Amino acid sequence: MASADAEELKRDGRVFAVAILAAKRMLDAGENPGDRGKYSLELLSLTKARGYDTGKMRTIQKFIYRILRIGDKKIDPKVREAWKMQLIPIDEAVREIQIRDAKEEKAMEVAYSMRAEGLSIETIKKCTGLDESDILALS
């Protein structure tokens, strides 16, 4: 019955199901670092296959990493390296989104000021890279 429950959780597409499966795997593994490593890689593959958005992916992977204590020195270094390689791209993607959002916000602020000064839409477009519709919405 327990393995059937795990299989059902694997098929369930919700993030919550993965969290429950991670907790189940933590209980199954106990203090065995080999099992914790094995289960963590299973869960890592599962999260990657689900195609969650970056925020959900990062959250569930942090949960799995912590609940199965992957940072533990007893865990196989190859397992820890697999996790490191997975988590770095997510951090970089989040950082890129934050940078892009900050640049867009700054461009909107500049465009607003330029619009207030009476500059033409065409000049504002050239200086900020914003679309005309975005600039007109600033009025």
# chains A, B, ... in the order shown; residues from 1 in each chain; ligands from 1
$ residues_around --residues "Asp12 in chain A" --least-positions-apart "5" --cutoff "12 Å" --atoms "only C-alpha atoms" --output "NGL selection string"
:A and (5-7 or 17-21 or 46-47 or 50)
$ residues_around --residues "Leu87 in chain A" --least-positions-apart "5" --cutoff "9 Å" --atoms "only C-alpha atoms" --output "list in words"
Arg58, Gln61, Lys62, Ala82 and Glu92 of chain A
$ write_last_selection --atoms "N, CA and C atoms" --output "JSON list (two decimals), in the first residue's frame"
[["chain", "number", "residue", "atom", "x", "y", "z"],
["A", 58, "ARG", "N", 11.59, 26.53, -7.37],
["A", 58, "ARG", "CA", 12.58, 26.90, -6.36],
["A", 58, "ARG", "C", 12.07, 26.54, -4.96],
["A", 61, "GLN", "N", 11.97, 22.68, -4.46],
["A", 61, "GLN", "CA", 13.31, 22.12, -4.39],
["A", 61, "GLN", "C", 14.02, 22.49, -3.09],
["A", 62, "LYS", "N", 13.80, 23.70, -2.61],
["A", 62, "LYS", "CA", 14.37, 24.08, -1.31],
["A", 62, "LYS", "C", 13.81, 23.18, -0.21],
["A", 82, "ALA", "N", 24.78, 17.27, -8.04],
["A", 82, "ALA", "CA", 23.59, 17.29, -8.89],
["A", 82, "ALA", "C", 22.62, 18.38, -8.41],
["A", 92, "GLU", "N", 19.91, 31.93, -11.04],
["A", 92, "GLU", "CA", 20.27, 32.83, -12.12],
["A", 92, "GLU", "C", 19.03, 33.30, -12.87]]
$ residues_around --residues "Ser113 in chain A" --least-positions-apart "4" --cutoff "12 Å" --atoms "only C-alpha atoms" --output "VMD selection string"
chain A and resid 106 to 109 117 to 120 124 127 to 128 135 138 to 139
$ select_by_dssp --residues "chain A" --states "helix (DSSP H, G or I)" --output "ChimeraX atom specification"
/A:2-11,15-29,33-50,54-67,77-116,121-128,132-136
$ write_last_selection --atoms "C-alpha atoms" --output "CSV table (one decimal), in the first residue's frame"
chain,number,residue,atom,x,y,z
A,2,ALA,CA,2.8,2.4,0.9
A,3,SER,CA,4.4,2.1,-2.6
A,4,ALA,CA,1.0,2.6,-4.2
A,5,ASP,CA,0.7,5.8,-2.2
A,6,ALA,CA,4.0,7.0,-3.5
A,7,GLU,CA,3.1,6.1,-7.1
A,8,GLU,CA,-0.1,8.0,-6.8
A,9,LEU,CA,1.7,11.1,-5.4
A,10,LYS,CA,4.2,10.9,-8.3
A,11,ARG,CA,1.3,11.0,-10.8
A,15,VAL,CA,3.2,20.9,-5.9
A,16,PHE,CA,1.6,19.8,-2.6
A,17,ALA,CA,1.8,16.2,-3.8
A,18,VAL,CA,5.5,16.5,-4.3
A,19,ALA,CA,5.9,18.0,-0.8
A,20,ILE,CA,4.0,15.1,0.7
A,21,LEU,CA,6.1,12.6,-1.3
A,22,ALA,CA,9.2,14.4,0.0
A,23,ALA,CA,8.0,14.1,3.6
A,24,LYS,CA,7.2,10.4,3.0
A,25,ARG,CA,10.6,9.8,1.4
A,26,MET,CA,12.3,11.5,4.4
A,27,LEU,CA,10.4,9.1,6.7
A,28,ASP,CA,11.3,6.1,4.5
A,29,ALA,CA,15.0,7.0,4.4
A,33,PRO,CA,22.3,8.9,3.7
A,34,GLY,CA,22.3,6.6,0.7
A,35,ASP,CA,18.5,6.5,0.7
A,36,ARG,CA,18.2,10.2,1.3
A,37,GLY,CA,20.4,10.9,-1.7
A,38,LYS,CA,18.5,8.4,-3.9
A,39,TYR,CA,15.1,9.8,-2.9
A,40,SER,CA,16.3,13.4,-3.4
A,41,LEU,CA,17.4,12.6,-7.0
A,42,GLU,CA,14.0,11.0,-7.6
A,43,LEU,CA,12.2,14.1,-6.4
A,44,LEU,CA,14.6,16.4,-8.2
A,45,SER,CA,13.8,14.6,-11.5
A,46,LEU,CA,10.1,14.7,-10.7
A,47,THR,CA,10.1,18.5,-10.1
A,48,LYS,CA,12.0,19.1,-13.3
A,49,ALA,CA,9.6,16.9,-15.3
A,50,ARG,CA,6.6,18.8,-14.0
A,54,THR,CA,10.5,29.2,-11.5
A,55,GLY,CA,9.0,30.3,-8.2
A,56,LYS,CA,7.2,27.0,-7.5
A,57,MET,CA,10.3,25.0,-8.7
A,58,ARG,CA,12.6,26.9,-6.4
A,59,THR,CA,10.2,26.6,-3.4
A,60,ILE,CA,9.7,22.8,-3.7
A,61,GLN,CA,13.3,22.1,-4.4
A,62,LYS,CA,14.4,24.1,-1.3
A,63,PHE,CA,11.9,22.1,0.7
A,64,ILE,CA,13.2,18.8,-0.6
A,65,TYR,CA,16.8,19.8,-0.1
A,66,ARG,CA,16.1,20.7,3.5
A,67,ILE,CA,13.8,17.9,4.5
A,77,PRO,CA,29.1,14.2,-3.2
A,78,LYS,CA,27.7,13.4,-6.6
A,79,VAL,CA,24.2,13.8,-5.2
A,80,ARG,CA,25.1,17.2,-3.7
A,81,GLU,CA,26.8,18.2,-7.0
A,82,ALA,CA,23.6,17.3,-8.9
A,83,TRP,CA,21.6,19.5,-6.6
A,84,LYS,CA,24.1,22.4,-6.8
A,85,MET,CA,23.9,22.2,-10.6
A,86,GLN,CA,20.1,22.3,-10.5
A,87,LEU,CA,19.8,25.1,-8.0
A,88,ILE,CA,22.3,27.5,-9.6
A,89,PRO,CA,20.3,27.9,-12.9
A,90,ILE,CA,17.1,28.6,-10.9
A,91,ASP,CA,18.9,31.3,-8.9
A,92,GLU,CA,20.3,32.8,-12.1
A,93,ALA,CA,16.8,32.8,-13.8
A,94,VAL,CA,15.3,34.5,-10.8
A,95,ARG,CA,18.1,37.1,-10.8
A,96,GLU,CA,17.6,37.8,-14.5
A,97,ILE,CA,13.9,38.3,-14.1
A,98,GLN,CA,14.5,40.7,-11.2
A,99,ILE,CA,17.0,42.7,-13.3
A,100,ARG,CA,14.7,42.8,-16.3
A,101,ASP,CA,11.8,44.0,-14.1
A,102,ALA,CA,14.0,46.7,-12.4
A,103,LYS,CA,15.1,47.9,-15.9
A,104,GLU,CA,11.6,48.0,-17.2
A,105,GLU,CA,10.4,49.9,-14.1
A,106,LYS,CA,13.3,52.4,-14.5
A,107,ALA,CA,12.4,52.9,-18.2
A,108,MET,CA,8.8,53.6,-17.2
A,109,GLU,CA,9.9,56.2,-14.7
A,110,VAL,CA,12.2,57.9,-17.2
A,111,ALA,CA,9.4,57.8,-19.8
A,112,TYR,CA,7.0,59.4,-17.4
A,113,SER,CA,9.4,62.2,-16.7
A,114,MET,CA,10.1,62.7,-20.4
A,115,ARG,CA,6.4,62.8,-21.1
A,116,ALA,CA,5.9,65.4,-18.4
A,121,ILE,CA,6.5,59.9,-28.2
A,122,GLU,CA,9.1,59.0,-30.8
A,123,THR,CA,11.9,60.5,-28.8
A,124,ILE,CA,10.7,58.7,-25.7
A,125,LYS,CA,10.5,55.4,-27.6
A,126,LYS,CA,14.1,55.8,-28.8
A,127,CYS,CA,15.5,56.7,-25.4
A,128,THR,CA,13.7,54.1,-23.3
A,132,GLU,CA,4.2,53.5,-27.9
A,133,SER,CA,1.2,51.9,-26.1
A,134,ASP,CA,3.2,51.8,-22.8
A,135,ILE,CA,4.3,55.4,-23.2
A,136,LEU,CA,0.7,56.6,-23.9
